[in-house]
Each structure stands twice: as C-alpha cells, then as structure tokens.
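Novice: Sharing a structure with you now.
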Amino acid sequence: MTAGDLAGIATLEIGGSRGPEGWIEWTLRNYEQYGFGLWVIETHAGDFVGDCGLTMQDVEGEQLVEVGWHVRTPLRRQGYASEAARCVRDAARDAGVGHLVAIIRPNNIASQGVATKIGLALKREVHAHGGPALVFGADLTAQDEPT
C-alpha cells in the first residue's frame, strides 16, 4: 500500500480518526516496525476492492497479531474478504506467527462469518478502539487449518 492507493482507500469504510492518508501512513509504519501490514486487494483486471493484511493491535494491554480486511461496499458478499483473509492467515503461519486474531464489532455479522471461514473462533468480548468488540482467534501451529 502506497500513497498511490489513496483514491481507493478513500472509498473504504475504515472508521476511526486516521482518515485515508493516515491509514496509509499507519500501514507503512506497521511495515517499518513489524515487517508486515495491509495489502491492497484488486481484481484480476486491476480494479480496487479493498485491503487485507496483518497489523499489531493492543487488546487490553496485550499485543496481538490481527488479520483485518475492508472491502468496498458494492463488492461485499462476493468472497473477496474470505479469499484475501485466508491468504493472509496462510502467510502469517508461514512467517511463524503462532496466534492470529480478528477484532470485530458485535454488529458486523459478515466479518464474523469471514473470521469463522478462515478458522478463527470467538474467544472473548473486549472494549477496543472505542467500543465493544469480539476477539476471534486461532492457534496457527495446528496442522489442519480450514481452507
């Protein structure tokens, strides 16, 4: 993800106070600090779909590796998030990440479905990023991950 992706990022419902430019800056800092961050998702034709990747998240004082995704509203429910999140989960496992989480708002049923499809299970409810959130997680050292 680079500044060249600003127009696409601006179409996402990313929430928070960062805004699109801040989102890209935050992603680049993640790469500098942790060696990973968000990827841009595109169709085979090169059309912007959204983002997906790994970030470090503070959850009640604990630093956790999170898989996160955002898909443009008109492209949701077409499998893009599940496919991208599955690839990110596999890349995390291949990179030696032992445990992966997804932090999801309780009313975001679609993202809860994506988390379940990639093998994450509901672990707990927390207060994160200014509101209630569900933490889905999985041990990536297990051999038989869902596909």
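Chain identifiers are assigned as A, B, and so on, following the order in which chains appear in the structure tokens; residues are numbered from 1 within each chain, and ligands are numbered from 1 in order of appearance.
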Extract, using only C-alpha atoms, all DNA, RNA and protein residues at most 12 Å from Ile118 (chain A), discarding same-chain residues fewer than 2 positions from it, and format them as a PyMOL selection string.

Specialist: chain A and resi 67-68+79+81-90+100-102+111-116+120-121+136-140+144-147

Novice: Would you mind exporting C-alpha atoms of the selected residues as an mmCIF file, in the first residue's frame?

Specialist:
```cif
data_model
loop_
_atom_site.group_PDB
_atom_site.id
_atom_site.type_symbol
_atom_site.label_atom_id
_atom_site.label_comp_id
_atom_site.auth_asym_id
_atom_site.auth_seq_id
_atom_site.Cartn_x
_atom_site.Cartn_y
_atom_site.Cartn_z
ATOM 1 C CA VAL A 67 -5.800 -10.165 10.368
ATOM 2 C CA GLY A 68 -8.007 -7.332 9.166
ATOM 3 C CA GLY A 79 -15.884 -13.784 -1.390
ATOM 4 C CA ALA A 81 -12.647 -10.789 2.097
ATOM 5 C CA SER A 82 -12.618 -14.539 2.740
ATOM 6 C CA GLU A 83 -10.152 -15.234 -0.048
ATOM 7 C CA ALA A 84 -7.817 -12.429 0.991
ATOM 8 C CA ALA A 85 -8.050 -13.246 4.717
ATOM 9 C CA ARG A 86 -7.305 -16.914 4.013
ATOM 10 C CA CYS A 87 -4.160 -15.899 2.102
ATOM 11 C CA VAL A 88 -3.113 -13.571 4.928
ATOM 12 C CA ARG A 89 -3.718 -16.326 7.503
ATOM 13 C CA ASP A 90 -1.514 -18.700 5.492
ATOM 14 C CA LEU A 100 -3.831 -14.843 14.996
ATOM 15 C CA VAL A 101 -6.866 -12.763 15.944
ATOM 16 C CA ALA A 102 -9.557 -10.693 14.280
ATOM 17 C CA SER A 111 -16.914 -10.135 9.190
ATOM 18 C CA GLN A 112 -17.696 -12.650 11.915
ATOM 19 C CA GLY A 113 -18.535 -15.067 9.096
ATOM 20 C CA VAL A 114 -15.215 -14.349 7.374
ATOM 21 C CA ALA A 115 -13.341 -14.971 10.625
ATOM 22 C CA THR A 116 -15.108 -18.299 11.082
ATOM 23 C CA LEU A 120 -10.911 -18.292 13.832
ATOM 24 C CA ALA A 121 -13.286 -18.874 16.738
ATOM 25 C CA PHE A 136 -11.859 -14.199 17.266
ATOM 26 C CA GLY A 137 -8.635 -16.197 17.388
ATOM 27 C CA ALA A 138 -6.788 -19.346 16.416
ATOM 28 C CA ASP A 139 -3.531 -21.117 17.098
ATOM 29 C CA LEU A 140 -1.703 -21.231 13.765
ATOM 30 C CA ASP A 144 -5.325 -28.874 9.872
ATOM 31 C CA GLU A 145 -6.461 -25.309 9.119
ATOM 32 C CA PRO A 146 -9.728 -24.809 7.233
ATOM 33 C CA THR A 147 -9.365 -23.958 3.533
#
```

Novice: Near Trp26 (chain A), within 12 Å and counting only C-alpha atoms, which residues show up once chain neighbours fewer than 3 positions away are dropped, as number ranges by chain?

Specialist: A: 1-3, 17-23, 29-34, 36-38, 55-56

Novice: Using only C-alpha atoms for the distances, tell me which of A:Ala91, A:Ile103, A:Lys117, A:Leu75 is nearest to Gly53 (chain A).

Specialist: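 That would be A:Ala91, the residue with the smallest distance to Gly53 (chain A).
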
Novice: For Ile41 (chain A), which residue among A:Leu64, A:Gly131, A:His70, A:Thr27 is the nearest when counting only C-alpha atoms?

Specialist: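 Ranked by minimum distance to Ile41 (chain A), first place goes to A:His70.
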
Novice: How many Å lie between CA of Cys52 (chain A) and CA of Val40 (chain A), rounded to one decimal?

Specialist: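 Between CA of Cys52 (chain A) and CA of Val40 (chain A) the gap works out to 6.6 Å.
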
Novice: DSSP on the backbone: which residues in region 2-146 of chain A end up as strand (DSSP E or B)? Give the answer as a ChimeraX atom specification.

Specialist: /A:38-42,48-59,62-71,99-104,121-128,131-139

Novice: Which residues are close to Pro132 (chain A), i.e. within 12 Å by only C-alpha atoms, leaving aside same-chain residues fewer than 2 positions away? Reply as a ChimeraX atom specification.

Specialist: /A:59-60,103-108,124-130,134-135

Novice: For those residues, write all heavy atoms to a file as a compact mmCIF listing (two decimals), in the first residue's frame.

Specialist:
```
# COMPACT_ATOMS: atom_id res chain seq x y z
N VAL A 59 -4.85 -5.12 22.70
CA VAL A 59 -6.15 -5.55 23.22
C VAL A 59 -5.99 -5.73 24.72
O VAL A 59 -5.33 -6.67 25.18
CB VAL A 59 -6.62 -6.86 22.55
CG1 VAL A 59 -7.95 -7.31 23.15
CG2 VAL A 59 -6.73 -6.70 21.05
N GLU A 60 -6.53 -4.77 25.44
CA GLU A 60 -6.47 -4.79 26.90
C GLU A 60 -5.05 -5.01 27.41
O GLU A 60 -4.80 -5.83 28.28
CB GLU A 60 -7.44 -5.84 27.45
CG GLU A 60 -8.89 -5.53 27.08
CD GLU A 60 -9.90 -6.51 27.62
OE1 GLU A 60 -9.60 -7.73 27.69
OE2 GLU A 60 -11.00 -6.06 27.98
N ILE A 103 -10.39 -8.68 15.31
CA ILE A 103 -11.17 -7.88 16.25
C ILE A 103 -12.34 -7.28 15.48
O ILE A 103 -12.14 -6.52 14.53
CB ILE A 103 -10.29 -6.78 16.88
CG1 ILE A 103 -9.06 -7.41 17.53
CG2 ILE A 103 -11.09 -5.95 17.87
CD1 ILE A 103 -7.95 -6.44 17.82
N ILE A 104 -13.55 -7.65 15.87
CA ILE A 104 -14.73 -7.36 15.06
C ILE A 104 -15.84 -6.79 15.94
O ILE A 104 -16.09 -7.28 17.04
CB ILE A 104 -15.24 -8.66 14.37
CG1 ILE A 104 -14.11 -9.27 13.52
CG2 ILE A 104 -16.48 -8.39 13.54
CD1 ILE A 104 -14.41 -10.66 13.00
N ARG A 105 -16.51 -5.77 15.44
CA ARG A 105 -17.64 -5.19 16.15
C ARG A 105 -18.77 -6.23 16.25
O ARG A 105 -19.00 -7.00 15.28
CB ARG A 105 -18.16 -3.95 15.44
CG ARG A 105 -17.18 -2.81 15.46
CD ARG A 105 -17.14 -2.15 16.81
NE ARG A 105 -16.10 -1.13 16.83
CZ ARG A 105 -15.23 -1.00 17.81
NH1 ARG A 105 -15.27 -1.79 18.86
NH2 ARG A 105 -14.32 -0.06 17.77
N PRO A 106 -19.50 -6.26 17.36
CA PRO A 106 -20.57 -7.26 17.54
C PRO A 106 -21.64 -7.22 16.45
O PRO A 106 -22.22 -8.25 16.13
CB PRO A 106 -21.17 -6.91 18.91
CG PRO A 106 -20.04 -6.25 19.64
CD PRO A 106 -19.29 -5.48 18.58
N ASN A 107 -21.90 -6.05 15.86
CA ASN A 107 -22.95 -5.97 14.83
C ASN A 107 -22.45 -6.29 13.43
O ASN A 107 -23.22 -6.31 12.48
CB ASN A 107 -23.61 -4.59 14.84
CG ASN A 107 -22.64 -3.47 14.48
OD1 ASN A 107 -21.42 -3.66 14.49
ND2 ASN A 107 -23.17 -2.30 14.18
N ASN A 108 -21.17 -6.59 13.28
CA ASN A 108 -20.60 -6.89 11.96
C ASN A 108 -20.65 -8.40 11.71
O ASN A 108 -19.64 -9.10 11.80
CB ASN A 108 -19.17 -6.34 11.85
CG ASN A 108 -18.65 -6.40 10.43
OD1 ASN A 108 -19.15 -7.15 9.60
ND2 ASN A 108 -17.63 -5.61 10.17
N ARG A 124 -13.46 -14.01 23.10
CA ARG A 124 -13.90 -13.15 24.19
C ARG A 124 -14.44 -11.83 23.65
O ARG A 124 -14.24 -11.50 22.49
CB ARG A 124 -12.75 -12.87 25.16
CG ARG A 124 -11.56 -12.18 24.51
CD ARG A 124 -10.39 -12.08 25.48
NE ARG A 124 -9.17 -11.81 24.74
CZ ARG A 124 -8.21 -11.02 25.16
NH1 ARG A 124 -8.31 -10.43 26.32
NH2 ARG A 124 -7.14 -10.83 24.43
N GLU A 125 -15.14 -11.12 24.53
CA GLU A 125 -15.60 -9.78 24.21
C GLU A 125 -14.74 -8.80 24.99
O GLU A 125 -14.43 -9.04 26.16
CB GLU A 125 -17.08 -9.61 24.56
CG GLU A 125 -17.63 -8.27 24.11
CD GLU A 125 -19.13 -8.16 24.21
OE1 GLU A 125 -19.80 -9.20 24.32
OE2 GLU A 125 -19.63 -7.03 24.15
N VAL A 126 -14.33 -7.71 24.34
CA VAL A 126 -13.46 -6.72 24.96
C VAL A 126 -13.96 -5.32 24.61
O VAL A 126 -14.87 -5.15 23.80
CB VAL A 126 -11.99 -6.87 24.47
CG1 VAL A 126 -11.44 -8.24 24.84
CG2 VAL A 126 -11.88 -6.63 22.97
N HIS A 127 -13.32 -4.35 25.21
CA HIS A 127 -13.50 -2.96 24.80
C HIS A 127 -12.25 -2.59 24.01
O HIS A 127 -11.15 -2.63 24.55
CB HIS A 127 -13.65 -2.05 26.02
CG HIS A 127 -13.95 -0.64 25.65
ND1 HIS A 127 -15.22 -0.20 25.39
CD2 HIS A 127 -13.13 0.42 25.43
CE1 HIS A 127 -15.17 1.08 25.06
NE2 HIS A 127 -13.93 1.48 25.08
N ALA A 128 -12.41 -2.30 22.73
CA ALA A 128 -11.26 -1.99 21.88
C ALA A 128 -11.64 -0.92 20.86
O ALA A 128 -12.76 -0.93 20.34
CB ALA A 128 -10.78 -3.24 21.15
N HIS A 129 -10.73 -0.01 20.61
CA HIS A 129 -10.93 1.03 19.60
C HIS A 129 -12.22 1.82 19.85
O HIS A 129 -12.97 2.11 18.92
CB HIS A 129 -10.91 0.44 18.19
CG HIS A 129 -9.71 -0.42 17.93
ND1 HIS A 129 -8.44 0.07 17.89
CD2 HIS A 129 -9.61 -1.75 17.73
CE1 HIS A 129 -7.60 -0.92 17.66
NE2 HIS A 129 -8.28 -2.03 17.56
N GLY A 130 -12.48 2.11 21.11
CA GLY A 130 -13.60 2.98 21.44
C GLY A 130 -14.95 2.32 21.60
O GLY A 130 -15.97 3.02 21.67
N LEU A 134 -15.53 -8.07 19.55
CA LEU A 134 -15.36 -9.51 19.72
C LEU A 134 -13.97 -9.88 19.22
O LEU A 134 -13.56 -9.43 18.15
CB LEU A 134 -16.42 -10.27 18.93
CG LEU A 134 -17.87 -9.91 19.25
CD1 LEU A 134 -18.82 -10.64 18.30
CD2 LEU A 134 -18.19 -10.23 20.69
N VAL A 135 -13.27 -10.71 19.98
CA VAL A 135 -11.96 -11.19 19.56
C VAL A 135 -12.12 -12.64 19.12
O VAL A 135 -12.46 -13.51 19.92
CB VAL A 135 -10.92 -11.09 20.70
CG1 VAL A 135 -9.58 -11.65 20.23
CG2 VAL A 135 -10.77 -9.64 21.16
```

Novice: Using only C-alpha atoms, which of A:Leu28, A:Arg72, A:Glu42, A:Asp47 sits nearest Leu12 (chain A)?

Specialist: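 Using only C-alpha atoms, the shortest distance to Leu12 (chain A) belongs to A:Arg72.
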
Novice: If you measure from CA of Thr73 (chain A) to CA of Ala10 (chain A), what distance in Å do you get, rounded to one decimal?

Specialist: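 Atom-to-atom, CA of Thr73 (chain A) to CA of Ala10 (chain A), that is 12.1 Å.
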